[in-house]
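A.B. asks: Contents are PDB, C-alpha atoms, pLDDT in the B column; file name work_2.pdb:
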ATOM      1  CA  MET J   1     -93.703 -27.049 -17.405  1.00 48.00           C
ATOM      2  CA  ARG J   2     -93.630 -26.671 -21.173  1.00 58.00           C
ATOM      3  CA  LEU J   3     -96.473 -27.563 -23.494  1.00 60.00           C
ATOM      4  CA  ALA J   4     -95.032 -29.040 -26.650  1.00 72.00           C
ATOM      5  CA  ALA J   5     -95.644 -31.686 -29.279  1.00 79.00           C
ATOM      6  CA  SER J   6     -93.268 -33.074 -31.855  1.00 87.00           C
ATOM      7  CA  ALA J   7     -93.869 -32.280 -35.515  1.00 90.00           C
ATOM      8  CA  ALA J   8     -94.436 -36.005 -36.111  1.00 92.00           C
ATOM      9  CA  LYS J   9     -97.245 -36.092 -33.530  1.00 92.00           C
ATOM     10  CA  LEU J  10     -98.786 -32.920 -34.906  1.00 92.00           C
ATOM     11  CA  LEU J  11     -98.700 -34.288 -38.454  1.00 95.00           C
ATOM     12  CA  ALA J  12    -100.224 -37.579 -37.269  1.00 95.00           C
ATOM     13  CA  ALA J  13    -102.994 -35.633 -35.518  1.00 95.00           C
ATOM     14  CA  LEU J  14    -103.728 -33.669 -38.692  1.00 96.00           C
ATOM     15  CA  ASP J  15    -103.984 -36.905 -40.692  1.00 97.00           C
ATOM     16  CA  TRP J  16    -106.189 -38.468 -38.003  1.00 97.00           C
ATOM     17  CA  ALA J  17    -108.558 -35.476 -38.147  1.00 96.00           C
ATOM     18  CA  VAL J  18    -108.736 -35.677 -41.946  1.00 96.00           C
ATOM     19  CA  GLU J  19    -109.439 -39.416 -41.808  1.00 97.00           C
ATOM     20  CA  ALA J  20    -112.134 -38.749 -39.186  1.00 97.00           C
ATOM     21  CA  ARG J  21    -113.779 -36.399 -41.698  1.00 92.00           C
ATOM     22  CA  VAL J  22    -113.817 -33.338 -39.490  1.00 93.00           C
ATOM     23  CA  HIS J  23    -114.826 -30.112 -41.183  1.00 89.00           C
ATOM     24  CA  VAL J  24    -112.501 -27.693 -39.380  1.00 91.00           C
ATOM     25  CA  ILE J  25    -109.188 -28.165 -37.597  1.00 95.00           C
ATOM     26  CA  ASN J  26    -108.336 -25.527 -34.973  1.00 94.00           C
ATOM     27  CA  LEU J  27    -104.561 -25.456 -34.683  1.00 91.00           C
ATOM     28  CA  SER J  28    -103.302 -22.967 -32.140  1.00 83.00           C
ATOM     29  CA  LEU J  29     -99.880 -24.557 -32.155  1.00 81.00           C
ATOM     30  CA  GLY J  30     -97.337 -25.354 -34.803  1.00 86.00           C
ATOM     31  CA  SER J  31     -93.670 -25.490 -35.608  1.00 90.00           C
ATOM     32  CA  ALA J  32     -91.206 -22.732 -36.351  1.00 90.00           C
ATOM     33  CA  ASN J  33     -88.756 -25.295 -37.739  1.00 93.00           C
ATOM     34  CA  ALA J  34     -88.513 -24.784 -41.509  1.00 94.00           C
ATOM     35  CA  ALA J  35     -87.152 -28.325 -41.869  1.00 96.00           C
ATOM     36  CA  HIS J  36     -90.743 -29.538 -41.364  1.00 95.00           C
ATOM     37  CA  ALA J  37     -92.225 -27.326 -44.095  1.00 96.00           C
ATOM     38  CA  GLU J  38     -92.545 -30.025 -46.756  1.00 97.00           C
ATOM     39  CA  ALA J  39     -94.220 -32.479 -44.364  1.00 97.00           C
ATOM     40  CA  PHE J  40     -96.706 -29.780 -43.352  1.00 97.00           C
ATOM     41  CA  ARG J  41     -97.295 -28.842 -47.017  1.00 97.00           C
ATOM     42  CA  SER J  42     -98.210 -32.470 -47.707  1.00 98.00           C
ATOM     43  CA  ALA J  43    -100.545 -32.612 -44.698  1.00 97.00           C
ATOM     44  CA  VAL J  44    -102.256 -29.368 -45.770  1.00 96.00           C
ATOM     45  CA  SER J  45    -102.680 -30.768 -49.299  1.00 96.00           C
ATOM     46  CA  ARG J  46    -104.315 -33.923 -47.907  1.00 96.00           C
ATOM     47  CA  ALA J  47    -106.646 -31.794 -45.793  1.00 95.00           C
ATOM     48  CA  GLN J  48    -107.548 -29.592 -48.763  1.00 92.00           C
ATOM     49  CA  ALA J  49    -108.243 -32.649 -50.936  1.00 93.00           C
ATOM     50  CA  ALA J  50    -110.619 -33.916 -48.256  1.00 93.00           C
ATOM     51  CA  GLY J  51    -112.369 -30.530 -47.942  1.00 88.00           C
ATOM     52  CA  VAL J  52    -111.059 -29.925 -44.418  1.00 91.00           C
ATOM     53  CA  ALA J  53    -110.332 -26.328 -43.400  1.00 91.00           C
ATOM     54  CA  ILE J  54    -107.299 -25.739 -41.176  1.00 94.00           C
ATOM     55  CA  VAL J  55    -107.291 -22.574 -39.073  1.00 95.00           C
ATOM     56  CA  ALA J  56    -103.829 -21.896 -37.635  1.00 96.00           C
ATOM     57  CA  ALA J  57    -101.536 -19.234 -36.245  1.00 93.00           C
ATOM     58  CA  ARG J  58     -99.520 -17.637 -39.047  1.00 93.00           C
ATOM     59  CA  TYR J  59     -97.206 -15.187 -37.365  1.00 84.00           C
ATOM     60  CA  ASP J  60     -96.781 -14.246 -33.732  1.00 84.00           C
ATOM     61  CA  GLU J  61     -94.159 -12.305 -31.818  1.00 83.00           C
ATOM     62  CA  GLY J  62     -91.666 -12.430 -34.665  1.00 86.00           C
ATOM     63  CA  VAL J  63     -92.175 -16.132 -35.431  1.00 87.00           C
ATOM     64  CA  GLU J  64     -93.696 -17.510 -38.616  1.00 90.00           C
ATOM     65  CA  TRP J  65     -95.547 -20.745 -37.760  1.00 91.00           C
ATOM     66  CA  LEU J  66     -96.068 -23.904 -39.763  1.00 94.00           C
ATOM     67  CA  PRO J  67     -98.547 -24.822 -41.042  1.00 95.00           C
ATOM     68  CA  GLY J  68    -100.259 -21.438 -40.538  1.00 93.00           C
ATOM     69  CA  CYS J  69     -97.946 -19.655 -42.966  1.00 93.00           C
ATOM     70  CA  LEU J  70     -98.608 -22.161 -45.774  1.00 95.00           C
ATOM     71  CA  PRO J  71    -101.034 -21.677 -48.661  1.00 93.00           C
ATOM     72  CA  GLY J  72    -104.246 -23.600 -48.096  1.00 91.00           C
ATOM     73  CA  VAL J  73    -104.445 -22.761 -44.384  1.00 94.00           C
ATOM     74  CA  ILE J  74    -106.685 -20.046 -42.955  1.00 92.00           C
ATOM     75  CA  PRO J  75    -103.933 -17.913 -41.375  1.00 93.00           C
ATOM     76  CA  VAL J  76    -104.530 -16.031 -38.129  1.00 94.00           C
ATOM     77  CA  GLN J  77    -102.688 -13.309 -36.266  1.00 93.00           C
ATOM     78  CA  VAL J  78    -103.560 -11.673 -32.989  1.00 93.00           C
ATOM     79  CA  ASP J  79    -104.949  -8.127 -33.045  1.00 93.00           C
ATOM     80  CA  TRP J  80    -104.920  -6.688 -29.535  1.00 91.00           C
ATOM     81  CA  GLU J  81    -107.233  -3.850 -30.573  1.00 91.00           C
ATOM     82  CA  CYS J  82    -109.905  -6.062 -32.146  1.00 89.00           C
ATOM     83  CA  PRO J  83    -113.011  -6.679 -30.001  1.00 88.00           C
ATOM     84  CA  ARG J  84    -113.844 -10.342 -29.322  1.00 84.00           C
ATOM     85  CA  ASP J  85    -117.019 -10.227 -31.443  1.00 84.00           C
ATOM     86  CA  GLU J  86    -115.226  -8.936 -34.538  1.00 86.00           C
ATOM     87  CA  PHE J  87    -112.483  -9.999 -36.888  1.00 87.00           C
ATOM     88  CA  ARG J  88    -110.399  -8.259 -39.485  1.00 86.00           C
ATOM     89  CA  VAL J  89    -108.696  -9.247 -42.694  1.00 84.00           C
ATOM     90  CA  ALA J  90    -105.263  -7.838 -43.396  1.00 80.00           C
ATOM     91  CA  ASP J  91    -102.972  -8.241 -46.353  1.00 75.00           C
ATOM     92  CA  ALA J  92     -99.794  -9.836 -45.054  1.00 70.00           C
ATOM     93  CA  GLY J  93     -97.325 -10.086 -47.896  1.00 73.00           C
ATOM     94  CA  GLY J  94    -100.033 -10.788 -50.472  1.00 76.00           C
ATOM     95  CA  THR J  95    -101.886 -13.267 -48.253  1.00 76.00           C
ATOM     96  CA  ALA J  96    -105.261 -12.499 -46.688  1.00 80.00           C
ATOM     97  CA  THR J  97    -104.658 -13.021 -42.982  1.00 87.00           C
ATOM     98  CA  PHE J  98    -107.443 -13.064 -40.427  1.00 90.00           C
ATOM     99  CA  ARG J  99    -106.881 -11.022 -37.305  1.00 90.00           C
ATOM    100  CA  ALA J 100    -108.820 -11.416 -34.072  1.00 93.00           C
ATOM    101  CA  SER J 101    -108.652 -10.669 -30.381  1.00 91.00           C
ATOM    102  CA  GLY J 102    -106.055 -12.525 -28.373  1.00 89.00           C
ATOM    103  CA  PHE J 103    -108.098 -12.338 -25.186  1.00 80.00           C
ATOM    104  CA  ALA J 104    -110.247 -15.042 -23.636  1.00 78.00           C
ATOM    105  CA  ARG J 105    -113.758 -14.251 -22.500  1.00 72.00           C
ATOM    106  CA  PRO J 106    -113.702 -11.806 -19.602  1.00 68.00           C
ATOM    107  CA  PHE J 107    -113.915 -12.830 -15.981  1.00 70.00           C
ATOM    108  CA  PRO J 108    -115.561 -10.358 -13.607  1.00 76.00           C
ATOM    109  CA  GLY J 109    -112.985  -8.412 -11.650  1.00 79.00           C
ATOM    110  CA  VAL J 110    -109.994  -9.740 -13.611  1.00 69.00           C
ATOM    111  CA  ASP J 111    -108.034  -7.447 -15.914  1.00 71.00           C
ATOM    112  CA  PRO J 112    -107.977  -9.195 -19.343  1.00 63.00           C
ATOM    113  CA  ARG J 113    -104.179  -8.801 -19.471  1.00 68.00           C
ATOM    114  CA  ARG J 114    -103.889 -10.885 -16.278  1.00 64.00           C
ATOM    115  CA  ASN J 115    -105.995 -13.693 -17.744  1.00 64.00           C
ATOM    116  CA  LEU J 116    -104.768 -16.210 -20.314  1.00 70.00           C
ATOM    117  CA  HIS J 117    -104.208 -14.525 -23.670  1.00 77.00           C
ATOM    118  CA  GLY J 118    -102.333 -14.898 -26.935  1.00 82.00           C
ATOM    119  CA  VAL J 119    -102.525 -16.018 -30.532  1.00 90.00           C
ATOM    120  CA  SER J 120    -104.207 -19.293 -29.508  1.00 89.00           C
ATOM    121  CA  PHE J 121    -107.292 -17.291 -28.549  1.00 90.00           C
ATOM    122  CA  ALA J 122    -107.221 -15.405 -31.858  1.00 94.00           C
ATOM    123  CA  VAL J 123    -107.146 -18.759 -33.683  1.00 94.00           C
ATOM    124  CA  ALA J 124    -110.052 -19.993 -31.552  1.00 92.00           C
ATOM    125  CA  HIS J 125    -112.062 -16.853 -32.325  1.00 92.00           C
ATOM    126  CA  ILE J 126    -111.582 -17.243 -36.084  1.00 93.00           C
ATOM    127  CA  THR J 127    -112.381 -20.955 -35.829  1.00 93.00           C
ATOM    128  CA  GLY J 128    -115.613 -20.045 -34.061  1.00 90.00           C
ATOM    129  CA  PHE J 129    -116.512 -17.501 -36.733  1.00 88.00           C
ATOM    130  CA  LEU J 130    -115.757 -20.087 -39.421  1.00 88.00           C
ATOM    131  CA  ALA J 131    -117.865 -22.750 -37.686  1.00 85.00           C
ATOM    132  CA  ARG J 132    -120.765 -20.313 -37.510  1.00 81.00           C
ATOM    133  CA  ALA J 133    -120.263 -19.413 -41.170  1.00 81.00           C
ATOM    134  CA  MET J 134    -120.120 -23.074 -42.177  1.00 80.00           C
ATOM    135  CA  SER J 135    -123.383 -23.756 -40.352  1.00 76.00           C
ATOM    136  CA  ILE J 136    -124.989 -21.954 -43.276  1.00 69.00           C
ATOM    137  CA  GLY J 137    -123.862 -24.890 -45.427  1.00 64.00           C
ATOM    138  CA  PRO J 138    -120.737 -26.968 -46.011  1.00 59.00           C
ATOM    139  CA  THR J 139    -117.819 -25.602 -47.954  1.00 59.00           C
ATOM    140  CA  ALA J 140    -115.992 -27.426 -50.711  1.00 53.00           C
ATOM    141  CA  SER J 141    -112.526 -25.974 -50.148  1.00 57.00           C
ATOM    142  CA  THR J 142    -110.434 -23.676 -48.023  1.00 59.00           C
ATOM    143  CA  GLY J 143    -111.033 -20.954 -50.609  1.00 63.00           C
ATOM    144  CA  ASP J 144    -114.763 -21.462 -50.094  1.00 71.00           C
ATOM    145  CA  ALA J 145    -114.215 -21.231 -46.337  1.00 70.00           C
ATOM    146  CA  LEU J 146    -112.411 -17.913 -46.745  1.00 70.00           C
ATOM    147  CA  GLN J 147    -115.227 -16.588 -48.908  1.00 74.00           C
ATOM    148  CA  ARG J 148    -117.786 -17.924 -46.429  1.00 75.00           C
ATOM    149  CA  LEU J 149    -116.092 -16.013 -43.598  1.00 75.00           C
ATOM    150  CA  ARG J 150    -116.393 -12.800 -45.588  1.00 72.00           C
ATOM    151  CA  GLN J 151    -120.051 -13.500 -46.454  1.00 72.00           C
ATOM    152  CA  PHE J 152    -120.798 -14.383 -42.845  1.00 70.00           C
ATOM    153  CA  ALA J 153    -119.325 -11.101 -41.671  1.00 67.00           C
ATOM    154  CA  GLU J 154    -121.600  -9.236 -44.047  1.00 67.00           C
ATOM    155  CA  MET J 155    -124.728 -11.272 -43.201  1.00 65.00           C
ATOM    156  CA  GLN J 156    -124.262 -11.099 -39.441  1.00 59.00           C
ATOM    157  CA  GLN J 157    -123.064  -7.516 -39.604  1.00 52.00           C
ATOM    158  CA  VAL J 158    -119.843  -8.536 -37.887  1.00 55.00           C
ATOM    159  CA  ARG J 159    -117.418  -5.683 -38.271  1.00 52.00           C
ATOM    160  CA  LEU J 160    -114.909  -6.764 -40.870  1.00 48.00           C
ATOM    161  CA  ALA J 161    -112.132  -4.264 -41.296  1.00 45.00           C
ATOM    162  CA  VAL J 162    -109.694  -4.689 -44.149  1.00 43.00           C
ATOM    163  CA  SER J 163    -106.265  -3.289 -43.489  1.00 45.00           C
ATOM    164  CA  SER J 164    -102.711  -3.661 -44.689  1.00 41.00           C
ATOM    165  CA  SER J 165    -100.133  -4.873 -42.161  1.00 44.00           C
ATOM    166  CA  ARG J 166     -97.722  -7.722 -41.506  1.00 41.00           C
TER
END
Output the file's structure in the form of structure tokens.

C.D. replies:
Amino acid sequence: MRLAASAAKLLAALDWAVEARVHVINLSLGSANAAHAEAFRSAVSRAQAAGVAIVAARYDEGVEWLPGCLPGVIPVQVDWECPRDEFRVADAGGTATFRASGFARPFPGVDPRRNLHGVSFAVAHITGFLARAMSIGPTASTGDALQRLRQFAEMQQVRLAVSSSR
């Protein structure tokens, strides 16, 4: 069994979420097909204009994902060394990229590597941090959301490590 969605369905879902006036879109899937880049750029622009933050996988296992690699999206990469209650910010080619654990919450007696894991969990962790940060007050733009994540880390004393990596 393969979990997949067409770019057209994904773009329609993004537009639906914007029209529904959501505050944050958690997108732990995307497209590696560069032919869809312009359509995703347009969808990200519509989300930005509506004040909707998109949190999405940027780069994973050698693949750059759309829309996570586009400006205006809060980009996420997995960091296998990062504890679940922390996140990091790394410079990835001039773009601040959020890095978080790729592990789900632990289950007693189950090695975390034998449980579900991957970039989708890192995206979910950053989305959770952003939702908590936004509970302080709404943001006006993705840039505000990025700043709010940094402020939240400082206020909650979440360890926020800044590093330089891909």

A.B. asks: Which is closer to Ser45 in chain J than all the others in J:Cys82, J:Val73, J:Val22, J:Ala32, using only C-alpha atoms?

C.D. replies: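 Going through J:Cys82, J:Val73, J:Val22, J:Ala32 one by one, the smallest distance to Ser45 in chain J is for J:Val73.
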
A.B. asks: Name every residue that the PyMOL selection byres ((chain J and resi 56-65) around 12) selects in this structure, writing the answer as number ranges by chain with chains first and numbers rising.

C.D. replies: J: 7, 14, 24-34, 36-37, 40, 44, 53-55, 66-80, 92-93, 95-100, 102, 118-127, 165-166

A.B. asks: State, in Å with one decimal place, the distance from CA of Glu86 in chain J to CA of Ala133 in chain J.

C.D. replies: 13.4 Å

A.B. asks: As a PDB file with C-alpha atoms, in the frame of the given file, please: the residues near Ala8 in chain J (cut-off 9 Å, all atoms listed in the file, same-chain neighbours under 4 positions excluded).

C.D. replies:
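And here is the file that came out, part.pdb:
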ATOM      1  CA  ALA J  12    -100.224 -37.579 -37.269  1.00 95.00           C
ATOM      2  CA  ALA J  13    -102.994 -35.633 -35.518  1.00 95.00           C
ATOM      3  CA  ALA J  39     -94.220 -32.479 -44.364  1.00 97.00           C
TER       4      ALA J  39
END

A.B. asks: Evaluate the PyMOL selection byres ((chain J and resi 18) around 8) and record the selected residues as a PyMOL selection string, following the chain and residue labels used in the document.

C.D. replies: chain J and resi 14-17+19-22+46-47+50+52

A.B. asks: Using the structure just given, write a file holding C-alpha atoms for range 63-140 of chain J, as a PDB file, in the first residue's frame.

C.D. replies:
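What ended up in out.pdb:
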ATOM      1  CA  VAL J  63      14.756  15.038  -1.600  1.00  0.00           C
ATOM      2  CA  GLU J  64      13.745  18.689  -1.644  1.00  0.00           C
ATOM      3  CA  TRP J  65       9.964  18.894  -1.103  1.00  0.00           C
ATOM      4  CA  LEU J  66       7.400  21.324  -2.437  1.00  0.00           C
ATOM      5  CA  PRO J  67       6.015  23.453  -0.961  1.00  0.00           C
ATOM      6  CA  GLY J  68       8.372  23.139   2.036  1.00  0.00           C
ATOM      7  CA  CYS J  69      11.372  24.428   0.097  1.00  0.00           C
ATOM      8  CA  LEU J  70       9.544  27.578  -1.058  1.00  0.00           C
ATOM      9  CA  PRO J  71       9.837  31.025   0.520  1.00  0.00           C
ATOM     10  CA  GLY J  72       6.846  31.793   2.711  1.00  0.00           C
ATOM     11  CA  VAL J  73       6.647  28.284   4.183  1.00  0.00           C
ATOM     12  CA  ILE J  74       7.992  27.360   7.614  1.00  0.00           C
ATOM     13  CA  PRO J  75      10.500  24.711   6.467  1.00  0.00           C
ATOM     14  CA  VAL J  76      11.221  21.644   8.589  1.00  0.00           C
ATOM     15  CA  GLN J  77      13.881  18.960   8.551  1.00  0.00           C
ATOM     16  CA  VAL J  78      14.277  15.984  10.823  1.00  0.00           C
ATOM     17  CA  ASP J  79      17.026  16.068  13.458  1.00  0.00           C
ATOM     18  CA  TRP J  80      17.499  12.599  14.920  1.00  0.00           C
ATOM     19  CA  GLU J  81      19.522  13.992  17.827  1.00  0.00           C
ATOM     20  CA  CYS J  82      16.968  16.617  18.873  1.00  0.00           C
ATOM     21  CA  PRO J  83      14.821  15.714  21.905  1.00  0.00           C
ATOM     22  CA  ARG J  84      11.047  15.798  21.335  1.00  0.00           C
ATOM     23  CA  ASP J  85      10.562  18.821  23.621  1.00  0.00           C
ATOM     24  CA  GLU J  86      13.096  20.966  21.767  1.00  0.00           C
ATOM     25  CA  PHE J  87      13.644  22.386  18.323  1.00  0.00           C
ATOM     26  CA  ARG J  88      16.566  23.915  16.524  1.00  0.00           C
ATOM     27  CA  VAL J  89      17.029  26.473  13.801  1.00  0.00           C
ATOM     28  CA  ALA J  90      19.663  25.822  11.173  1.00  0.00           C
ATOM     29  CA  ASP J  91      20.800  27.879   8.236  1.00  0.00           C
ATOM     30  CA  ALA J  92      20.140  25.804   5.138  1.00  0.00           C
ATOM     31  CA  GLY J  93      21.450  27.676   2.135  1.00  0.00           C
ATOM     32  CA  GLY J  94      20.494  31.068   3.563  1.00  0.00           C
ATOM     33  CA  THR J  95      17.072  29.906   4.764  1.00  0.00           C
ATOM     34  CA  ALA J  96      16.226  29.467   8.442  1.00  0.00           C
ATOM     35  CA  THR J  97      15.072  25.862   8.659  1.00  0.00           C
ATOM     36  CA  PHE J  98      13.456  24.399  11.747  1.00  0.00           C
ATOM     37  CA  ARG J  99      14.754  21.044  12.885  1.00  0.00           C
ATOM     38  CA  ALA J 100      12.950  18.709  15.265  1.00  0.00           C
ATOM     39  CA  SER J 101      12.800  15.109  16.372  1.00  0.00           C
ATOM     40  CA  GLY J 102      11.533  12.594  13.863  1.00  0.00           C
ATOM     41  CA  PHE J 103      10.231  10.266  16.556  1.00  0.00           C
ATOM     42  CA  ALA J 104       6.664   9.856  17.753  1.00  0.00           C
ATOM     43  CA  ARG J 105       5.894   9.860  21.448  1.00  0.00           C
ATOM     44  CA  PRO J 106       7.436   6.833  23.133  1.00  0.00           C
ATOM     45  CA  PHE J 107       5.564   3.640  23.843  1.00  0.00           C
ATOM     46  CA  PRO J 108       6.667   1.664  26.899  1.00  0.00           C
ATOM     47  CA  GLY J 109       8.854  -1.256  25.928  1.00  0.00           C
ATOM     48  CA  VAL J 110       9.155  -0.252  22.261  1.00  0.00           C
ATOM     49  CA  ASP J 111      12.465   0.977  20.869  1.00  0.00           C
ATOM     50  CA  PRO J 112      11.723   4.379  19.228  1.00  0.00           C
ATOM     51  CA  ARG J 113      13.424   3.192  16.019  1.00  0.00           C
ATOM     52  CA  ARG J 114      10.868   0.361  15.750  1.00  0.00           C
ATOM     53  CA  ASN J 115       7.944   2.770  16.087  1.00  0.00           C
ATOM     54  CA  LEU J 116       6.703   5.074  13.331  1.00  0.00           C
ATOM     55  CA  HIS J 117       9.230   7.825  12.651  1.00  0.00           C
ATOM     56  CA  GLY J 118      10.323  10.304  10.010  1.00  0.00           C
ATOM     57  CA  VAL J 119      10.104  13.869   8.798  1.00  0.00           C
ATOM     58  CA  SER J 120       6.306  13.865   9.219  1.00  0.00           C
ATOM     59  CA  PHE J 121       6.824  13.747  12.982  1.00  0.00           C
ATOM     60  CA  ALA J 122       9.354  16.591  12.824  1.00  0.00           C
ATOM     61  CA  VAL J 123       6.776  18.681  10.935  1.00  0.00           C
ATOM     62  CA  ALA J 124       4.139  17.799  13.539  1.00  0.00           C
ATOM     63  CA  HIS J 125       6.478  18.807  16.370  1.00  0.00           C
ATOM     64  CA  ILE J 126       7.192  22.213  14.820  1.00  0.00           C
ATOM     65  CA  THR J 127       3.488  22.689  14.090  1.00  0.00           C
ATOM     66  CA  GLY J 128       2.770  21.995  17.751  1.00  0.00           C
ATOM     67  CA  PHE J 129       5.408  24.484  18.875  1.00  0.00           C
ATOM     68  CA  LEU J 130       3.968  27.063  16.475  1.00  0.00           C
ATOM     69  CA  ALA J 131       0.408  26.461  17.700  1.00  0.00           C
ATOM     70  CA  ARG J 132       1.573  26.961  21.274  1.00  0.00           C
ATOM     71  CA  ALA J 133       3.441  30.111  20.250  1.00  0.00           C
ATOM     72  CA  MET J 134       0.411  31.449  18.388  1.00  0.00           C
ATOM     73  CA  SER J 135      -1.774  30.904  21.449  1.00  0.00           C
ATOM     74  CA  ILE J 136       0.006  33.955  22.830  1.00  0.00           C
ATOM     75  CA  GLY J 137      -1.750  35.950  20.100  1.00  0.00           C
ATOM     76  CA  PRO J 138      -2.415  35.713  16.368  1.00  0.00           C
ATOM     77  CA  THR J 139       0.300  36.399  13.856  1.00  0.00           C
ATOM     78  CA  ALA J 140      -0.061  38.595  10.804  1.00  0.00           C
TER      79      ALA J 140
END
